[in-house]
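K.L.:
Please find entry_16.pdb (PDB, C-alpha atoms and all ligand atoms) on the next line:
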```pdb
MODEL        1
ATOM      1  CA  MET F  11     -26.487  44.850 -11.524
ATOM      2  CA  SER F  12     -25.990  46.166 -15.006
ATOM      3  CA  GLU F  13     -28.493  48.322 -16.800
ATOM      4  CA  GLN F  14     -28.650  51.653 -18.570
ATOM      5  CA  ASN F  15     -29.759  54.497 -16.360
ATOM      6  CA  SER F  16     -31.639  57.583 -17.492
ATOM      7  CA  ARG F  17     -28.352  59.420 -17.966
ATOM      8  CA  GLY F  18     -27.070  56.662 -20.244
ATOM      9  CA  GLY F  19     -24.614  55.225 -17.721
ATOM     10  CA  ASP F  20     -23.305  51.738 -18.399
ATOM     11  CA  ASP F  21     -23.864  50.490 -14.909
ATOM     12  CA  ALA F  22     -26.641  52.349 -13.204
ATOM     13  CA  TYR F  23     -25.776  50.814  -9.910
ATOM     14  CA  GLU F  24     -22.530  52.761  -9.825
ATOM     15  CA  HIS F  25     -24.598  55.935  -9.423
ATOM     16  CA  HIS F  26     -25.278  56.742  -5.836
ATOM     17  CA  GLY F  27     -26.009  60.444  -6.130
ATOM     18  CA  GLY F  28     -24.121  62.067  -3.295
ATOM     19  CA  PHE F  29     -24.483  58.984  -1.118
ATOM     20  CA  PRO F  30     -21.553  56.901   0.020
ATOM     21  CA  VAL F  31     -21.571  53.250  -1.030
ATOM     22  CA  TYR F  32     -22.813  51.486   2.060
ATOM     23  CA  GLU F  33     -21.370  48.087   2.857
ATOM     24  CA  PRO F  34     -23.335  45.603   4.986
ATOM     25  CA  VAL F  35     -22.332  45.871   8.643
ATOM     26  CA  LYS F  36     -22.084  42.480  10.267
ATOM     27  CA  ALA F  37     -24.039  42.276  13.504
ATOM     28  CA  GLY F  38     -22.782  40.261  16.471
ATOM     29  CA  PRO F  39     -24.781  37.207  17.552
ATOM     30  CA  ASN F  40     -26.713  39.143  20.214
ATOM     31  CA  PHE F  41     -27.573  42.219  18.176
ATOM     32  CA  GLY F  42     -31.134  41.027  17.441
ATOM     33  CA  ARG F  43     -31.725  40.555  21.161
ATOM     34  CA  PHE F  44     -30.197  43.986  21.839
ATOM     35  CA  VAL F  45     -32.756  45.559  19.481
ATOM     36  CA  ASP F  46     -35.613  43.542  21.036
ATOM     37  CA  VAL F  47     -34.703  44.765  24.515
ATOM     38  CA  PHE F  48     -34.810  48.371  23.358
ATOM     39  CA  ARG F  49     -38.135  47.801  21.586
ATOM     40  CA  ARG F  50     -39.541  46.517  24.880
ATOM     41  CA  LEU F  51     -38.214  49.611  26.638
ATOM     42  CA  GLN F  52     -39.775  51.858  23.981
ATOM     43  CA  ASP F  53     -43.131  50.138  24.589
ATOM     44  CA  LEU F  54     -42.771  50.438  28.362
ATOM     45  CA  ALA F  55     -41.664  54.070  28.220
ATOM     46  CA  VAL F  56     -44.980  54.980  26.605
ATOM     47  CA  SER F  57     -47.266  52.580  28.458
ATOM     48  CA  THR F  58     -46.329  52.746  32.143
ATOM     49  CA  HIS F  59     -47.283  55.061  34.969
ATOM     50  CA  ALA F  60     -44.732  54.141  37.621
ATOM     51  CA  PRO F  61     -44.257  55.686  41.073
ATOM     52  CA  ASP F  62     -41.676  58.500  41.269
ATOM     53  CA  ASP F  63     -39.064  56.363  42.995
ATOM     54  CA  VAL F  64     -39.344  53.742  40.229
ATOM     55  CA  VAL F  65     -39.027  56.490  37.594
ATOM     56  CA  ASP F  66     -35.898  57.720  39.418
ATOM     57  CA  GLN F  67     -34.423  54.214  39.410
ATOM     58  CA  ALA F  68     -35.247  53.824  35.711
ATOM     59  CA  ILE F  69     -33.512  57.141  34.936
ATOM     60  CA  ALA F  70     -30.393  56.082  36.861
ATOM     61  CA  GLN F  71     -30.251  52.698  35.139
ATOM     62  CA  ALA F  72     -30.904  54.196  31.708
ATOM     63  CA  GLU F  73     -28.180  56.803  32.256
ATOM     64  CA  ALA F  74     -25.763  54.035  33.285
ATOM     65  CA  LEU F  75     -26.673  52.165  30.113
ATOM     66  CA  GLY F  76     -26.089  55.309  28.048
ATOM     67  CA  ASP F  77     -22.677  55.722  29.674
ATOM     68  CA  LEU F  78     -21.869  52.087  28.835
ATOM     69  CA  LEU F  79     -22.753  52.507  25.148
ATOM     70  CA  GLU F  80     -21.588  56.104  24.510
ATOM     71  CA  PRO F  81     -17.918  55.209  23.811
ATOM     72  CA  TYR F  82     -19.016  52.943  20.952
ATOM     73  CA  LYS F  83     -20.871  55.545  18.878
ATOM     74  CA  VAL F  84     -20.084  55.368  15.150
ATOM     75  CA  GLY F  85     -21.088  57.359  12.095
ATOM     76  CA  GLU F  86     -23.899  56.664   9.618
ATOM     77  CA  GLY F  87     -23.560  53.339   7.854
ATOM     78  CA  LYS F  88     -21.122  51.946  10.431
ATOM     79  CA  SER F  89     -23.644  50.493  12.903
ATOM     80  CA  PRO F  90     -25.594  47.315  12.138
ATOM     81  CA  ALA F  91     -28.756  49.234  13.077
ATOM     82  CA  GLY F  92     -30.824  49.869   9.945
ATOM     83  CA  PHE F  93     -28.650  47.781   7.647
ATOM     84  CA  ASN F  94     -29.221  44.259   8.870
ATOM     85  CA  VAL F  95     -31.856  42.567   6.739
ATOM     86  CA  ASP F  96     -31.943  39.454   8.964
ATOM     87  CA  ILE F  97     -33.313  41.453  11.890
ATOM     88  CA  PRO F  98     -36.890  42.804  11.956
ATOM     89  CA  GLY F  99     -36.929  46.464  10.921
ATOM     90  CA  ARG F 100     -33.342  45.908   9.715
ATOM     91  CA  GLY F 101     -32.337  46.496  13.341
ATOM     92  CA  SER F 102     -33.509  50.118  13.296
ATOM     93  CA  LEU F 103     -35.584  51.268  16.266
ATOM     94  CA  LEU F 104     -37.164  53.948  14.081
ATOM     95  CA  LEU F 105     -38.708  51.273  11.877
ATOM     96  CA  PRO F 106     -41.429  48.908  13.044
ATOM     97  CA  PRO F 107     -40.204  45.317  13.425
ATOM     98  CA  TRP F 108     -41.064  43.958   9.983
ATOM     99  CA  THR F 109     -39.282  41.153   8.166
ATOM    100  CA  ILE F 110     -38.505  41.086   4.439
ATOM    101  CA  GLU F 111     -40.227  38.133   2.739
ATOM    102  CA  LYS F 112     -39.657  38.989  -0.909
ATOM    103  CA  PHE F 113     -37.022  41.265  -2.411
ATOM    104  CA  ASP F 114     -36.673  41.210  -6.164
ATOM    105  CA  ALA F 115     -37.170  43.280  -9.296
ATOM    106  CA  ASP F 116     -40.953  42.617  -9.180
ATOM    107  CA  GLY F 117     -41.265  44.203  -5.764
ATOM    108  CA  VAL F 118     -40.755  43.871  -2.050
ATOM    109  CA  ARG F 119     -43.026  42.245   0.522
ATOM    110  CA  GLU F 120     -42.646  42.544   4.297
ATOM    111  CA  ARG F 121     -44.554  40.973   7.170
ATOM    112  CA  GLY F 122     -44.749  42.240  10.716
ATOM    113  CA  HIS F 123     -46.756  44.052  13.334
ATOM    114  CA  PHE F 124     -47.017  47.405  15.052
ATOM    115  CA  ARG F 125     -46.446  47.604  18.803
ATOM    116  CA  ARG F 126     -47.611  49.746  21.678
ATOM    117  CA  TYR F 127     -44.853  52.234  20.837
ATOM    118  CA  HIS F 128     -46.671  52.860  17.522
ATOM    119  CA  LEU F 129     -50.038  53.662  19.138
ATOM    120  CA  GLY F 130     -52.007  56.601  17.793
ATOM    121  CA  GLY F 131     -55.526  56.962  19.203
ATOM    122  CA  ASN F 132     -58.157  54.547  20.460
ATOM    123  CA  GLY F 133     -56.137  51.402  19.853
ATOM    124  CA  ALA F 134     -55.157  52.254  16.271
ATOM    125  CA  VAL F 135     -51.672  52.603  14.842
ATOM    126  CA  HIS F 136     -50.462  56.227  14.710
ATOM    127  CA  GLY F 137     -51.212  57.701  11.282
ATOM    128  CA  GLY F 138     -47.633  58.913  10.905
ATOM    129  CA  THR F 139     -46.199  55.441  11.337
ATOM    130  CA  ILE F 140     -47.860  54.102   8.206
ATOM    131  CA  PRO F 141     -46.151  56.547   5.780
ATOM    132  CA  LEU F 142     -42.901  55.602   7.511
ATOM    133  CA  LEU F 143     -43.547  51.959   6.665
ATOM    134  CA  PHE F 144     -44.408  52.810   3.051
ATOM    135  CA  ASP F 145     -41.509  55.261   2.594
ATOM    136  CA  ASP F 146     -38.979  52.735   3.789
ATOM    137  CA  LEU F 147     -40.593  50.037   1.651
ATOM    138  CA  PHE F 148     -40.351  52.231  -1.461
ATOM    139  CA  GLY F 149     -36.663  52.804  -0.732
ATOM    140  CA  MET F 150     -36.214  49.042  -0.737
ATOM    141  CA  VAL F 151     -38.396  48.623  -3.830
ATOM    142  CA  ILE F 152     -36.014  50.935  -5.711
ATOM    143  CA  HIS F 153     -33.006  49.055  -4.346
ATOM    144  CA  ALA F 154     -34.531  45.673  -5.274
ATOM    145  CA  SER F 155     -35.423  46.860  -8.776
ATOM    146  CA  GLY F 156     -31.754  47.598  -9.433
ATOM    147  CA  ARG F 157     -32.362  51.303  -9.984
ATOM    148  CA  PRO F 158     -29.910  53.910  -8.696
ATOM    149  CA  ILE F 159     -30.491  55.481  -5.334
ATOM    150  CA  ALA F 160     -33.587  57.673  -5.200
ATOM    151  CA  ARG F 161     -35.375  59.982  -2.843
ATOM    152  CA  THR F 162     -39.072  60.295  -2.263
ATOM    153  CA  GLY F 163     -40.556  63.208  -4.217
ATOM    154  CA  TYR F 164     -44.066  62.604  -2.916
ATOM    155  CA  LEU F 165     -45.824  59.954  -0.880
ATOM    156  CA  HIS F 166     -49.603  59.700  -0.867
ATOM    157  CA  VAL F 167     -51.376  57.465   1.671
ATOM    158  CA  ASN F 168     -55.026  56.395   1.701
ATOM    159  CA  TYR F 169     -56.095  55.192   5.128
ATOM    160  CA  ARG F 170     -58.824  52.660   4.272
ATOM    161  CA  LYS F 171     -59.379  50.950   7.663
ATOM    162  CA  ILE F 172     -58.110  51.221  11.210
ATOM    163  CA  THR F 173     -54.710  49.535  11.419
ATOM    164  CA  PRO F 174     -54.472  47.468  14.603
ATOM    165  CA  LEU F 175     -51.514  47.068  16.944
ATOM    166  CA  TRP F 176     -49.924  43.624  17.351
ATOM    167  CA  ASP F 177     -51.789  41.803  14.520
ATOM    168  CA  GLU F 178     -49.591  40.258  11.862
ATOM    169  CA  LEU F 179     -49.871  42.317   8.657
ATOM    170  CA  VAL F 180     -48.333  42.295   5.190
ATOM    171  CA  VAL F 181     -47.126  45.213   3.060
ATOM    172  CA  GLU F 182     -46.148  44.849  -0.577
ATOM    173  CA  GLY F 183     -44.958  47.386  -3.122
ATOM    174  CA  ARG F 184     -43.455  47.640  -6.573
ATOM    175  CA  VAL F 185     -42.378  50.041  -9.332
ATOM    176  CA  ASP F 186     -45.364  50.557 -11.636
ATOM    177  CA  SER F 187     -43.706  52.724 -14.282
ATOM    178  CA  VAL F 188     -40.553  54.679 -15.006
ATOM    179  CA  ASP F 189     -40.140  58.016 -16.770
ATOM    180  CA  GLY F 190     -36.471  59.028 -16.896
ATOM    181  CA  ARG F 191     -35.358  59.650 -13.320
ATOM    182  CA  LYS F 192     -38.898  59.177 -12.010
ATOM    183  CA  ALA F 193     -40.121  55.831 -10.713
ATOM    184  CA  PHE F 194     -43.829  55.704  -9.893
ATOM    185  CA  CYS F 195     -44.444  53.165  -7.150
ATOM    186  CA  SER F 196     -47.445  51.753  -5.321
ATOM    187  CA  ALA F 197     -48.013  49.541  -2.285
ATOM    188  CA  GLU F 198     -50.745  48.112  -0.082
ATOM    189  CA  LEU F 199     -50.861  47.265   3.608
ATOM    190  CA  ARG F 200     -53.178  44.296   4.262
ATOM    191  CA  ASP F 201     -54.316  42.146   7.146
ATOM    192  CA  LEU F 202     -54.061  38.376   6.857
ATOM    193  CA  ASP F 203     -57.609  38.195   5.416
ATOM    194  CA  GLY F 204     -56.369  40.307   2.525
ATOM    195  CA  THR F 205     -58.294  43.412   3.562
ATOM    196  CA  VAL F 206     -56.499  46.582   2.473
ATOM    197  CA  LEU F 207     -55.884  48.768   5.535
ATOM    198  CA  ALA F 208     -53.950  51.450   3.679
ATOM    199  CA  ASP F 209     -52.463  51.940   0.255
ATOM    200  CA  SER F 210     -49.874  54.318  -1.061
ATOM    201  CA  GLU F 211     -48.422  55.847  -4.211
ATOM    202  CA  ALA F 212     -45.027  57.463  -4.348
ATOM    203  CA  LEU F 213     -42.710  59.161  -6.787
ATOM    204  CA  MET F 214     -39.121  58.080  -6.248
ATOM    205  CA  ILE F 215     -36.655  60.378  -8.029
ATOM    206  CA  GLU F 216     -33.227  59.122  -9.020
ATOM    207  CA  LEU F 217     -30.527  61.335  -7.541
ATOM    208  CA  LEU F 218     -28.081  63.168  -9.744
ATOM    209  CA  PRO F 219     -24.359  62.836  -9.003
ATOM    210  CA  GLY F 220     -23.565  64.742  -5.820
ATOM    211  CA  GLN F 221     -27.197  65.173  -4.731
ATOM    212  CA  PRO F 222     -27.539  64.468  -0.999
TER     213      PRO F 222
HETATM  214  C1  LIG F 301     -29.804  45.992   2.211
HETATM  215  C2  LIG F 301     -31.062  46.664   2.368
HETATM  216  C3  LIG F 301     -30.858  48.088   2.286
HETATM  217  C4  LIG F 301     -32.092  48.827   2.106
HETATM  218  C5  LIG F 301     -31.825  50.162   1.615
HETATM  219  C6  LIG F 301     -33.035  50.911   1.310
HETATM  220  C7  LIG F 301     -33.557  51.567   2.520
HETATM  221  C8  LIG F 301     -34.428  52.652   2.173
HETATM  222  C9  LIG F 301     -34.218  53.816   2.979
HETATM  223  C10 LIG F 301     -35.414  54.667   2.990
HETATM  224  C11 LIG F 301     -35.268  55.824   2.095
HETATM  225  C12 LIG F 301     -36.578  56.327   1.644
HETATM  226  C13 LIG F 301     -36.428  57.559   0.863
HETATM  227  C14 LIG F 301     -36.579  58.759   1.669
HETATM  228  O1  LIG F 301     -37.175  58.765   2.691
HETATM  229  S1  LIG F 301     -35.896  60.145   1.054
HETATM  230  C15 LIG F 301     -36.396  61.362   2.257
HETATM  231  C16 LIG F 301     -37.590  62.161   1.828
HETATM  232  N1  LIG F 301     -37.330  62.833   0.600
HETATM  233  C17 LIG F 301     -36.554  63.907   0.530
HETATM  234  O2  LIG F 301     -36.009  64.391   1.498
HETATM  235  C18 LIG F 301     -36.413  64.488  -0.852
HETATM  236  C19 LIG F 301     -36.196  65.989  -0.823
HETATM  237  N2  LIG F 301     -36.242  66.493  -2.207
HETATM  238  C20 LIG F 301     -35.146  66.523  -2.946
HETATM  239  O3  LIG F 301     -34.052  66.232  -2.498
HETATM  240  C21 LIG F 301     -35.356  66.922  -4.390
HETATM  241  O4  LIG F 301     -36.658  67.419  -4.576
HETATM  242  C22 LIG F 301     -35.133  65.742  -5.373
HETATM  243  C23 LIG F 301     -33.650  65.334  -5.336
HETATM  244  C24 LIG F 301     -36.014  64.527  -5.008
HETATM  245  C25 LIG F 301     -35.505  66.157  -6.785
HETATM  246  O5  LIG F 301     -34.882  67.381  -7.048
HETATM  247  P1  LIG F 301     -34.169  67.673  -8.467
HETATM  248  O6  LIG F 301     -33.867  69.125  -8.485
HETATM  249  O7  LIG F 301     -33.053  66.741  -8.699
HETATM  250  O8  LIG F 301     -35.263  67.280  -9.503
HETATM  251  P2  LIG F 301     -36.502  68.126 -10.061
HETATM  252  O9  LIG F 301     -37.094  69.011  -9.051
HETATM  253  O10 LIG F 301     -36.091  68.696 -11.364
HETATM  254  O11 LIG F 301     -37.532  66.941 -10.335
HETATM  255  C26 LIG F 301     -37.222  65.889 -11.224
HETATM  256  C27 LIG F 301     -38.535  65.462 -11.859
HETATM  257  O12 LIG F 301     -39.417  65.017 -10.801
HETATM  258  C28 LIG F 301     -40.594  65.836 -10.805
HETATM  259  N3  LIG F 301     -41.001  66.060  -9.407
HETATM  260  C29 LIG F 301     -40.210  66.409  -8.390
HETATM  261  N4  LIG F 301     -40.914  66.479  -7.253
HETATM  262  C30 LIG F 301     -42.182  66.192  -7.581
HETATM  263  C31 LIG F 301     -43.383  66.097  -6.857
HETATM  264  N5  LIG F 301     -43.420  66.296  -5.523
HETATM  265  N6  LIG F 301     -44.491  65.769  -7.509
HETATM  266  C32 LIG F 301     -44.491  65.513  -8.843
HETATM  267  N7  LIG F 301     -43.369  65.567  -9.591
HETATM  268  C33 LIG F 301     -42.243  65.921  -8.965
HETATM  269  C34 LIG F 301     -40.208  67.132 -11.476
HETATM  270  O13 LIG F 301     -41.345  67.789 -12.032
HETATM  271  C35 LIG F 301     -39.266  66.598 -12.549
HETATM  272  O14 LIG F 301     -40.056  66.000 -13.564
HETATM  273  P3  LIG F 301     -39.678  66.243 -15.098
HETATM  274  O15 LIG F 301     -39.854  67.709 -15.332
HETATM  275  O16 LIG F 301     -38.245  65.814 -15.268
HETATM  276  O17 LIG F 301     -40.640  65.397 -15.879
ENDMDL
END
```
Mind turning this structure into structure tokens?
P.N.:
Amino acid sequence: MSEQNSRGGDDAYEHHGGFPVYEPVKAGPNFGRFVDVFRRLQDLAVSTHAPDDVVDQAIAQAEALGDLLEPYKVGEGKSPAGFNVDIPGRGSLLLPPWTIEKFDADGVRERGHFRRYHLGGNGAVHGGTIPLLFDDLFGMVIHASGRPIARTGYLHVNYRKITPLWDELVVEGRVDSVDGRKAFCSAELRDLDGTVLADSEALMIELLPGQP
């Protein structure tokens, strides 16, 4: 991607602040299923009330699973988790399981749902999960627009309606304007009737060389 950046660079995409250049990490054929299994466990961990002996068995099995996986730990950017665009939530358990539908200079659109793990109060999605969705979306909006890597300066969220668990929803965001290093972005979270459940505005600030 070739464009002038705010510092007059010839190829803005060369500028990664202090970030390494991440390369896509190829996931094995079962990685999507691996993530799904852990999402189910996340849901169950926060939605069960099992007898003590069952909790003890779950602890033993989970510890055995941890022991199985521990030798394969890798550093940031080396696991397919979080970097695999073919898997909902890019394979990151932190992110809700949303799938990218549109990814271009005009903006990014994702479709997905929130699960029991994301419950806040009285059946609604936790209010902290929605800024997470928007923040990650704005990161991708910057990436898709071809701008250099940026960090969120501010993120404002308006909660317009209760956001339900499990219903299919759509979030879409874009860069509205640019002022030097500053990209002003906006996005909306809607249900399938088009009702806005939440909307957001963010300032994404291009990192200077060496900035973490
Ligand atoms: C393949 C698919 C891959 C997908 C990849 C994508 C995944 C996405 C991953 C998800 C990632 C998601 C991303 C994340 O989650 S990033 C994580 C959350 N964000 C942070 O941790 C950022 C922490 N802050 C900083 O590091 C610094 O503050 C930065 C580097 C951002 C700026 O510090 P720096 O010292 O360099 O700059 P400056 O202070 O001179 O400011 C520069 C300009 O900006 C203006 N300004 C600053 N702050 C504000 C404010 N709050 N309101 C209004 N304006 C503000 C300021 O006035 C100035 O304007 P002007 O005077 O020039 O006009």
K.L.:
Need the axis-aligned box for ligand LIG 301 (chain F) with 3 Å each side, so what are the centre and edges in Å to one decimal, as JSON?
P.N.:
```
{"center_x": -37.1, "center_y": 57.6, "center_z": -6.4, "size_x": 20.7, "size_y": 29.1, "size_z": 24.9}
```
K.L.:
Could you report the residues within 9 Å of ligand LIG 301 (chain F), using all atoms listed in the file, as an MDAnalysis selection string?
P.N.:
chainID F and resid 32:34 92:95 100 142 144:154 159:165 189:192 212:218 221:222
K.L.:
Could you tell me which of F:Leu202, F:Val135, F:Ala72, F:Leu79 comes closest to Ala55 of chain F if we count all atoms listed in the file?
P.N.:
F:Ala72
K.L.:
Tell me which protein, DNA and RNA residues are within 9 Å of segment 175-185 of chain F, counting only C-alpha atoms, leaving out same-chain ones fewer than 3 positions away, and put them as a ChimeraX atom specification.
P.N.:
/F:108,112,115-126,128-129,133-135,143-144,147-148,151-152,155,188,193-202,204,210
K.L.:
Just the number, please: distance in Å from atom CA of Pro141 of chain F to atom CA of Phe48 of chain F, one decimal.
P.N.:
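Calculated distance between atom CA of Pro141 of chain F and atom CA of Phe48 of chain F is 22.5 Å.
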K.L.:
With distances taken over all atoms listed in the file, which residue among F:Asn132, F:Asp114, F:Thr173, F:Asp66 lies nearest Arg157 of chain F?
P.N.:
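With all atoms listed in the file as the atom set, the closest residue is F:Asp114.
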K.L.:
Smallest atom-to-atom distance to Val47 of chain F: which of F:Leu103, F:Gly27, F:Gly138, F:Pro61, using all atoms listed in the file?
P.N.:
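Among F:Leu103, F:Gly27, F:Gly138, F:Pro61, it is F:Leu103 that comes nearest to Val47 of chain F.
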K.L.:
Which neighbours of Lys171 of chain F fall inside 7 Å, counting only C-alpha atoms, when residues of the same chain fewer than 2 positions from it are skipped, and could you give them as number ranges by chain?
P.N.:
F: 169, 173, 207-208
K.L.:
What does the distance between atom CA of Val64 of chain F and atom CA of Leu104 of chain F come to in Å, to one decimal place?
P.N.:
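Result for atom CA of Val64 of chain F versus atom CA of Leu104 of chain F: 26.2 Å, one decimal.
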K.L.:
Smallest atom-to-atom distance to Asp96 of chain F: which of F:Glu111, F:Asp209, F:Asp62, F:Glu73, using all atoms listed in the file?
P.N.:
F:Glu111
K.L.:
Take atom CA of Pro106 of chain F and atom CA of Glu211 of chain F and report the distance between them in Å, one decimal.
P.N.:
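These atoms are spaced 19.9 Å apart.
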K.L.:
Compare F:Gly76, F:Pro219, F:Pro81, F:Pro90 by their minimum atom-to-atom distance to Val35 of chain F, counting all atoms listed in the file, and give me the closest one.
P.N.:
F:Pro90
K.L.:
From the list F:Asp46, F:Ala37, F:Gly28, F:Tyr127, which residue is nearest Thr58 of chain F when using all atoms listed in the file?
P.N.:
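Of F:Asp46, F:Ala37, F:Gly28, F:Tyr127, the one nearest Thr58 of chain F is F:Tyr127, counting all atoms listed in the file.
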K.L.:
What would the file be for segment 61-75 of chain F if you keep N, CA and C atoms and write it as a tab-separated table (two decimals), in the first residue's frame?
P.N.:
```
chain	number	residue	atom	x	y	z
F	61	PRO	N	-21.82	-29.65	41.46
F	61	PRO	CA	-21.43	-30.17	42.78
F	61	PRO	C	-19.91	-30.15	42.94
F	62	ASP	N	-19.45	-30.14	44.22
F	62	ASP	CA	-18.02	-30.00	44.49
F	62	ASP	C	-17.18	-31.07	43.81
F	63	ASP	N	-17.70	-32.31	43.78
F	63	ASP	CA	-16.88	-33.37	43.18
F	63	ASP	C	-16.73	-33.15	41.68
F	64	VAL	N	-17.76	-32.57	41.05
F	64	VAL	CA	-17.67	-32.28	39.61
F	64	VAL	C	-16.68	-31.12	39.39
F	65	VAL	N	-16.74	-30.12	40.28
F	65	VAL	CA	-15.77	-29.01	40.19
F	65	VAL	C	-14.35	-29.56	40.33
F	66	ASP	N	-14.15	-30.49	41.27
F	66	ASP	CA	-12.82	-31.09	41.46
F	66	ASP	C	-12.36	-31.82	40.20
F	67	GLN	N	-13.29	-32.56	39.59
F	67	GLN	CA	-12.92	-33.28	38.35
F	67	GLN	C	-12.58	-32.28	37.24
F	68	ALA	N	-13.37	-31.21	37.17
F	68	ALA	CA	-13.12	-30.19	36.12
F	68	ALA	C	-11.74	-29.56	36.33
F	69	ILE	N	-11.40	-29.28	37.59
F	69	ILE	CA	-10.07	-28.69	37.88
F	69	ILE	C	-8.97	-29.65	37.41
F	70	ALA	N	-9.12	-30.93	37.77
F	70	ALA	CA	-8.08	-31.91	37.41
F	70	ALA	C	-7.93	-32.00	35.89
F	71	GLN	N	-9.08	-32.03	35.19
F	71	GLN	CA	-9.00	-32.16	33.73
F	71	GLN	C	-8.44	-30.88	33.09
F	72	ALA	N	-8.83	-29.74	33.66
F	72	ALA	CA	-8.33	-28.48	33.10
F	72	ALA	C	-6.83	-28.35	33.36
F	73	GLU	N	-6.38	-28.79	34.53
F	73	GLU	CA	-4.94	-28.74	34.82
F	73	GLU	C	-4.17	-29.66	33.88
F	74	ALA	N	-4.75	-30.85	33.59
F	74	ALA	CA	-4.10	-31.77	32.66
F	74	ALA	C	-4.01	-31.13	31.27
F	75	LEU	N	-5.07	-30.44	30.89
F	75	LEU	CA	-5.07	-29.76	29.59
F	75	LEU	C	-4.01	-28.66	29.55
```
